[in-house]
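Visitor: What follows is the file my_file_21.cif, containing mmCIF, C-alpha atoms:
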data_upload
loop_
_atom_site.label_atom_id
_atom_site.label_comp_id
_atom_site.auth_asym_id
_atom_site.auth_seq_id
_atom_site.Cartn_x
_atom_site.Cartn_y
_atom_site.Cartn_z
CA MET A 1 96.99 105.20 99.61
CA ASP A 2 96.79 101.44 99.97
CA TRP A 3 94.85 100.89 96.73
CA LEU A 4 97.20 103.01 94.62
CA ALA A 5 100.28 101.74 96.38
CA ARG A 6 99.41 98.21 95.29
CA ALA A 7 99.21 99.34 91.66
CA LEU A 8 95.52 98.43 91.55
CA PRO A 9 93.52 99.88 88.65
CA THR A 10 91.81 103.25 88.75
CA GLU A 11 89.56 105.23 86.42
CA GLY A 12 89.49 108.88 85.41
CA THR A 13 91.22 111.40 83.15
CA GLU A 14 94.51 111.17 85.05
CA ALA A 15 94.46 107.44 85.72
CA GLY A 16 96.86 106.77 82.85
CA ARG A 17 99.62 109.22 83.83
CA PRO A 18 103.01 107.54 83.98
CA ARG A 19 103.81 106.04 87.34
CA VAL A 20 106.57 103.94 88.73
CA LYS A 21 104.54 100.78 88.12
CA HIS A 22 104.74 101.41 84.35
CA ALA A 23 108.55 101.09 84.42
CA LEU A 24 108.80 98.30 86.97
CA ARG A 25 111.46 95.65 86.41
CA ASP A 26 111.15 92.34 88.21
CA ASP A 27 114.54 90.98 87.20
CA VAL A 28 116.33 92.00 90.39
CA VAL A 29 118.26 89.29 92.27
CA THR A 30 116.90 88.41 95.71
CA CYS A 31 118.56 86.48 98.49
CA ARG A 32 118.16 85.50 102.14
CA LEU A 33 119.99 86.89 105.15
CA GLU A 34 121.61 83.59 106.00
CA GLN A 35 123.03 82.87 102.58
CA LYS A 36 126.76 83.34 102.06
CA VAL A 37 127.79 86.28 99.93
CA GLY A 38 129.66 83.88 97.65
CA GLN A 39 126.40 82.04 96.88
CA VAL A 40 124.80 85.25 95.66
CA LEU A 41 127.73 87.01 94.01
CA SER A 42 127.61 85.16 90.69
CA ARG A 43 123.94 86.10 90.26
CA ILE A 44 124.70 89.71 91.08
CA GLU A 45 127.47 89.75 88.49
CA GLU A 46 125.09 88.37 85.86
CA SER A 47 122.40 90.88 86.80
CA PRO A 48 122.12 94.24 85.01
CA HIS A 49 121.61 95.99 88.35
CA GLY A 50 124.78 95.32 90.31
CA PHE A 51 123.11 94.36 93.57
CA ALA A 52 120.80 91.86 95.22
CA LEU A 53 117.93 92.53 97.60
CA ALA A 54 117.83 90.60 100.83
CA VAL A 55 114.28 89.57 101.67
CA SER A 56 112.44 87.67 104.37
CA PRO A 57 110.70 84.37 103.57
CA ASP A 58 107.53 86.29 102.72
CA GLY A 59 109.32 88.75 100.47
CA VAL A 60 109.74 91.75 102.76
CA LEU A 61 112.78 93.88 101.95
CA LEU A 62 115.50 93.71 104.60
CA GLY A 63 118.59 95.05 102.87
CA ARG A 64 120.66 95.54 99.71
CA LEU A 65 123.85 93.68 98.90
CA ARG A 66 125.97 95.67 96.46
CA ARG A 67 128.58 93.99 94.30
CA SER A 68 131.10 96.65 95.35
CA ARG A 69 130.90 95.49 98.97
CA CYS A 70 131.35 91.77 98.29
CA ALA A 71 135.05 91.55 97.54
CA GLY A 72 136.83 89.34 100.04
CA LYS A 73 133.63 88.62 101.95
CA GLU A 74 132.38 85.59 100.08
CA ALA A 75 132.24 83.47 103.23
CA ALA A 76 130.26 86.01 105.23
CA PRO A 77 126.47 85.84 105.53
CA VAL A 78 124.54 88.39 103.50
CA GLU A 79 123.24 89.92 106.70
CA GLU A 80 126.72 91.07 107.71
CA VAL A 81 127.60 92.69 104.40
CA MET A 82 124.35 94.22 103.19
CA GLU A 83 123.08 97.73 103.74
CA GLU A 84 120.08 97.61 106.01
CA GLY A 85 116.74 99.23 105.24
CA PRO A 86 117.29 100.81 101.82
CA SER A 87 114.93 103.57 100.77
CA THR A 88 111.90 102.44 98.81
CA VAL A 89 109.11 103.90 96.70
CA ARG A 90 105.57 102.78 95.94
CA PRO A 91 104.35 101.80 92.48
CA ASP A 92 101.83 104.65 92.38
CA THR A 93 104.51 107.35 92.64
CA GLU A 94 104.50 109.63 89.60
CA ALA A 95 107.32 108.67 87.25
CA ALA A 96 108.45 112.21 86.48
CA ARG A 97 108.61 113.13 90.14
CA LEU A 98 110.73 110.12 91.07
CA ALA A 99 113.02 110.65 88.06
CA GLU A 100 113.68 114.18 89.27
CA ARG A 101 114.43 113.02 92.80
CA LEU A 102 116.85 110.39 91.50
CA ARG A 103 118.60 112.97 89.30
CA ASP A 104 118.96 115.36 92.22
CA ARG A 105 120.61 112.63 94.28
CA ASP A 106 122.63 111.21 91.39
CA LEU A 107 120.96 107.82 91.80
CA HIS A 108 120.22 105.45 88.96
CA SER A 109 117.52 103.20 90.39
CA ALA A 110 115.00 102.80 93.17
CA VAL A 111 113.52 99.78 94.93
CA VAL A 112 109.75 99.44 94.68
CA THR A 113 107.75 97.79 97.46
CA THR A 114 104.18 97.45 98.67
CA PRO A 115 103.14 99.44 101.77
CA GLU A 116 104.00 96.32 103.79
CA GLY A 117 107.52 96.31 102.39
CA ARG A 118 107.22 93.38 99.99
CA VAL A 119 109.54 93.76 97.03
CA MET A 120 107.81 94.35 93.70
CA GLY A 121 110.97 95.10 91.73
CA ILE A 122 113.10 98.09 90.84
CA VAL A 123 112.86 101.04 88.49
CA ARG A 124 115.70 102.67 86.60
CA ARG A 125 115.93 106.42 86.24
CA SER A 126 116.49 106.05 82.50
CA ASP A 127 113.25 104.07 82.16
CA LEU A 128 111.31 106.65 84.18
CA GLU A 129 112.67 109.44 82.02
CA GLY A 130 111.60 107.52 78.95
CA LEU A 131 108.01 107.50 80.17
CA SER A 132 107.69 111.25 80.50
CA MET B 1 77.34 101.92 112.02
CA SER B 2 80.71 102.77 110.41
CA GLU B 3 84.14 101.19 110.70
CA ALA B 4 87.55 101.72 109.15
CA ILE B 5 88.60 98.84 106.91
CA GLY B 6 91.72 97.69 105.13
CA ILE B 7 92.33 96.57 101.59
CA GLY B 8 91.42 92.94 102.22
CA ARG B 9 88.06 93.76 103.77
CA LEU B 10 87.40 96.28 101.00
CA ARG B 11 87.89 93.67 98.32
CA ALA B 12 85.62 91.23 100.13
CA LEU B 13 82.91 93.85 100.43
CA LEU B 14 83.20 94.80 96.78
CA ASP B 15 82.94 91.14 95.82
CA ASP B 16 79.71 91.06 97.83
CA GLY B 17 78.31 94.04 95.93
CA ALA B 18 79.18 96.95 98.23
CA GLN B 19 78.69 100.45 96.86
CA LEU B 20 81.82 102.56 96.60
CA VAL B 21 81.54 106.29 97.30
CA GLU B 22 84.26 108.89 96.88
CA VAL B 23 83.65 112.10 98.82
CA LEU B 24 86.32 114.28 97.20
CA PRO B 25 85.32 117.25 95.00
CA GLU B 26 84.10 116.52 91.46
CA ARG B 27 87.33 117.63 89.77
CA GLU B 28 89.42 115.24 91.82
CA PHE B 29 86.93 112.44 91.24
CA GLU B 30 87.13 113.01 87.48
CA GLU B 31 90.93 112.88 87.56
CA GLU B 32 91.11 109.56 89.31
CA HIS B 33 88.88 107.27 91.32
CA LEU B 34 88.41 103.61 92.12
CA PRO B 35 86.61 101.57 89.46
CA GLY B 36 82.87 101.64 89.95
CA ALA B 37 82.89 104.43 92.53
CA ILE B 38 80.26 107.15 92.53
CA ASN B 39 80.99 110.71 93.59
CA LEU B 40 79.20 112.33 96.51
CA PRO B 41 81.35 115.36 97.37
CA LEU B 42 81.51 115.91 101.11
CA LYS B 43 80.62 119.58 100.91
CA LYS B 44 77.47 118.78 99.01
CA LEU B 45 76.22 115.93 101.14
CA ASN B 46 72.66 116.37 102.34
CA ALA B 47 69.60 114.32 103.18
CA GLY B 48 68.92 113.76 99.49
CA SER B 49 72.40 112.46 98.72
CA ALA B 50 71.60 109.03 100.12
CA GLU B 51 68.82 108.55 97.57
CA ALA B 52 71.45 107.47 95.06
CA LEU B 53 72.42 104.57 97.32
CA ASP B 54 70.84 101.16 97.76
CA ARG B 55 70.00 100.74 101.45
CA GLY B 56 70.19 96.99 101.09
CA ARG B 57 73.91 96.96 100.25
CA ALA B 58 76.99 97.96 102.20
CA VAL B 59 78.44 101.40 101.46
CA VAL B 60 82.18 102.01 101.47
CA VAL B 61 83.19 105.66 101.68
CA TYR B 62 86.71 106.78 100.88
CA CYS B 63 88.78 109.90 100.53
CA TRP B 64 92.40 110.58 99.52
CA ASP B 65 93.91 109.19 102.73
CA GLY B 66 91.88 106.06 102.35
CA LEU B 67 92.77 105.59 98.74
#
Write the structure described by the file as structure tokens, please.

Guide:
Amino acid sequence: MDWLARALPTEGTEAGRPRVKHALRDDVVTCRLEQKVGQVLSRIEESPHGFALAVSPDGVLLGRLRRSRCAGKEAAPVEEVMEEGPSTVRPDTEAARLAERLRDRDLHSAVVTTPEGRVMGIVRRSDLEGLS
Amino acid sequence: MSEAIGIGRLRALLDDGAQLVEVLPEREFEEEHLPGAINLPLKKLNAGSAEALDRGRAVVVYCWDGL
């Protein structure tokens, strides 16, 4: 699955079916574990997604910092406030299938990473539904 | 001699002209395959199957799990 999971091109009659990679948004805020929540909060508030993704220096996903958890914790490091190890999906996942899973769980977005865990972006359920 | 390889080695081999072979059934190959791959379904492999391949170039064989 490594080739597909990296959103590399394929050929064939089904190669063009809508996948997560076709709705990928790369406008998610990222931050480091050691940054203070207050340093990141203004970017989260300006972002359409309501959270930031904590990543390692080489871009591997480590956690998610939600705006709802930041109140009163501006002086704390991201590492202490974030949720560790959020669920992720690969870019080759079929769009319709992921949209259904998000609906079932009443979720509005999903984090997309490579098989090694490097952040590629996020997808919104509404965008996935628009592809189908 | 065969060996399992990762994505980096695959790309290097392809850059060097390796032949890419998918061994899934024809229908699955038609639905989706790697660019430039040829289809030699596993259940139909025989002594004559290799005639389609160039013995002077590396051959990379893949299936669904290796995709």

Visitor: What's around A:Asp2 at 12 Å? Count all atoms listed in the file, leave out sequence neighbours fewer than 4 positions away in its own chain, and write the answer as an MDAnalysis selection string.

Guide: (chainID A and resid 6:9 90:92 113:116) or (chainID B and resid 5:8 10:11 34 62:67)

Visitor: Write the selection just made, keeping C-alpha atoms, as a PDB file, keeping the file's coordinate frame?

Guide:
ATOM      1  CA  ARG A   6      99.410  98.210  95.290  1.00  0.00           C
ATOM      2  CA  ALA A   7      99.210  99.340  91.660  1.00  0.00           C
ATOM      3  CA  LEU A   8      95.520  98.430  91.550  1.00  0.00           C
ATOM      4  CA  PRO A   9      93.520  99.880  88.650  1.00  0.00           C
ATOM      5  CA  ARG A  90     105.570 102.780  95.940  1.00  0.00           C
ATOM      6  CA  PRO A  91     104.350 101.800  92.480  1.00  0.00           C
ATOM      7  CA  ASP A  92     101.830 104.650  92.380  1.00  0.00           C
ATOM      8  CA  THR A 113     107.750  97.790  97.460  1.00  0.00           C
ATOM      9  CA  THR A 114     104.180  97.450  98.670  1.00  0.00           C
ATOM     10  CA  PRO A 115     103.140  99.440 101.770  1.00  0.00           C
ATOM     11  CA  GLU A 116     104.000  96.320 103.790  1.00  0.00           C
TER      12      GLU A 116
ATOM     13  CA  ILE B   5      88.600  98.840 106.910  1.00  0.00           C
ATOM     14  CA  GLY B   6      91.720  97.690 105.130  1.00  0.00           C
ATOM     15  CA  ILE B   7      92.330  96.570 101.590  1.00  0.00           C
ATOM     16  CA  GLY B   8      91.420  92.940 102.220  1.00  0.00           C
ATOM     17  CA  LEU B  10      87.400  96.280 101.000  1.00  0.00           C
ATOM     18  CA  ARG B  11      87.890  93.670  98.320  1.00  0.00           C
ATOM     19  CA  LEU B  34      88.410 103.610  92.120  1.00  0.00           C
ATOM     20  CA  TYR B  62      86.710 106.780 100.880  1.00  0.00           C
ATOM     21  CA  CYS B  63      88.780 109.900 100.530  1.00  0.00           C
ATOM     22  CA  TRP B  64      92.400 110.580  99.520  1.00  0.00           C
ATOM     23  CA  ASP B  65      93.910 109.190 102.730  1.00  0.00           C
ATOM     24  CA  GLY B  66      91.880 106.060 102.350  1.00  0.00           C
ATOM     25  CA  LEU B  67      92.770 105.590  98.740  1.00  0.00           C
TER      26      LEU B  67
END

Visitor: Sort by chain and increasing residue number a table of all residues of chain A within 8 Å of chain B, each with its closest pair of atoms and their distance in Å to one decimal, counting all atoms listed in the file, and write it as JSON lines.

Guide:
{"residue": "A:Met1", "atom": "CA", "partner": "B:Leu67", "partner_atom": "CA", "distance": 4.3}
{"residue": "A:Asp2", "atom": "CA", "partner": "B:Leu67", "partner_atom": "CA", "distance": 5.9}
{"residue": "A:Trp3", "atom": "CA", "partner": "B:Leu67", "partner_atom": "CA", "distance": 5.5}
{"residue": "A:Leu4", "atom": "CA", "partner": "B:Leu67", "partner_atom": "CA", "distance": 6.6}
{"residue": "A:Pro9", "atom": "CA", "partner": "B:Pro35", "partner_atom": "CA", "distance": 7.2}
{"residue": "A:Thr10", "atom": "CA", "partner": "B:Leu34", "partner_atom": "CA", "distance": 4.8}
{"residue": "A:Glu11", "atom": "CA", "partner": "B:His33", "partner_atom": "CA", "distance": 5.4}
{"residue": "A:Gly12", "atom": "CA", "partner": "B:Glu32", "partner_atom": "CA", "distance": 4.3}
{"residue": "A:Thr13", "atom": "CA", "partner": "B:Glu31", "partner_atom": "CA", "distance": 4.7}
{"residue": "A:Glu14", "atom": "CA", "partner": "B:Glu31", "partner_atom": "CA", "distance": 4.7}
{"residue": "A:Ala15", "atom": "CA", "partner": "B:Glu32", "partner_atom": "CA", "distance": 5.3}

Visitor: Can you give me, as a list of chain:residue names, the residues this file yields under the PyMOL selection byres ((chain A and resi 33) around 8)?

Guide: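 Listing what the PyMOL selection byres ((chain A and resi 33) around 8) selects in the shown file: A:Cys31, A:Arg32, A:Glu34, A:Gln35, A:Ala54, A:Val55, A:Ser56, A:Pro77, A:Val78, A:Glu79.
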
Visitor: Point out the residue among A:Ile122, A:Leu62, A:Leu102, A:Leu41 with the least atom-to-atom distance to A:Pro86, counting only C-alpha atoms.

Guide: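 Using only C-alpha atoms, the shortest distance to A:Pro86 belongs to A:Leu62.
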
Visitor: Which residues are near B:Arg9? Cut-off 12 Å, only C-alpha atoms, ignore same chain within fewer than 5 positions. Put them as a count of residues only.

Guide: 8

Visitor: Which distance in Å separates atom CA of A:Arg66 and atom CA of A:Val37, to one decimal?

Guide: 10.2 Å

Visitor: If we count all atoms listed in the file, what is near B:Ile38 at a cut-off of 7 Å, once residues fewer than 4 positions away on the same chain are taken out, given as a list in words?

Guide: Leu20, Val21 and Glu22 of chain B

Visitor: May I ask for the distance between atom CA of A:Leu107 and atom CA of A:Val123, given in Å to one decimal place?

Guide: 11.1 Å

Visitor: Dig up all the protein and nucleic acid residues within 12 Å of (124.7, 86.0, 93.1) in the file frame, using all atoms listed in the file, and format them as a PyMOL selection string.

Guide: chain A and resi 28-32+35-54+65-67+70+74+78

Visitor: With all atoms listed in the file counted, which protein, DNA or RNA residues have an atom no more than 10 Å from (108.4, 104.6, 82.0) in the file frame? Please answer as number ranges by chain.

Guide: A: 18-24, 94-96, 99, 123-132

Visitor: Point out the residue among B:Asn39, B:Gly17, B:Ala12, B:Asn46 with the least atom-to-atom distance to B:Val59, counting all atoms listed in the file.

Guide: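 Checking each candidate against B:Val59, we get B:Gly17 as the closest.
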
Visitor: So how many Å separate atom CA of A:Arg17 and atom CA of A:Arg103, to one decimal?

Guide: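 Separating atom CA of A:Arg17 from atom CA of A:Arg103 is a distance of 20.1 Å.
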
Visitor: Taking 3 positions as the minimum chain separation for residues in the same chain, which residues sit within 12 Å of B:Lys44 when counting all atoms listed in the file? Answer as a PyMOL selection string.

Guide: chain B and resi 23-26+39-41+47-50

Visitor: Go ahead and write the selection's residues with C-alpha atoms as a JSON list (two decimals), in the coordinates of the input.

Guide:
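Here's the written file part31.json:
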[["chain", "number", "residue", "atom", "x", "y", "z"],
["B", 23, "VAL", "CA", 83.65, 112.10, 98.82],
["B", 24, "LEU", "CA", 86.32, 114.28, 97.20],
["B", 25, "PRO", "CA", 85.32, 117.25, 95.00],
["B", 26, "GLU", "CA", 84.10, 116.52, 91.46],
["B", 39, "ASN", "CA", 80.99, 110.71, 93.59],
["B", 40, "LEU", "CA", 79.20, 112.33, 96.51],
["B", 41, "PRO", "CA", 81.35, 115.36, 97.37],
["B", 47, "ALA", "CA", 69.60, 114.32, 103.18],
["B", 48, "GLY", "CA", 68.92, 113.76, 99.49],
["B", 49, "SER", "CA", 72.40, 112.46, 98.72],
["B", 50, "ALA", "CA", 71.60, 109.03, 100.12]]

Visitor: Find the residues near A:Ser87: any atom within 8 Å, counting only C-alpha atoms, skip ones fewer than 2 places away on the same chain, and give them as number ranges by chain.

Guide: A: 85, 89, 110-111
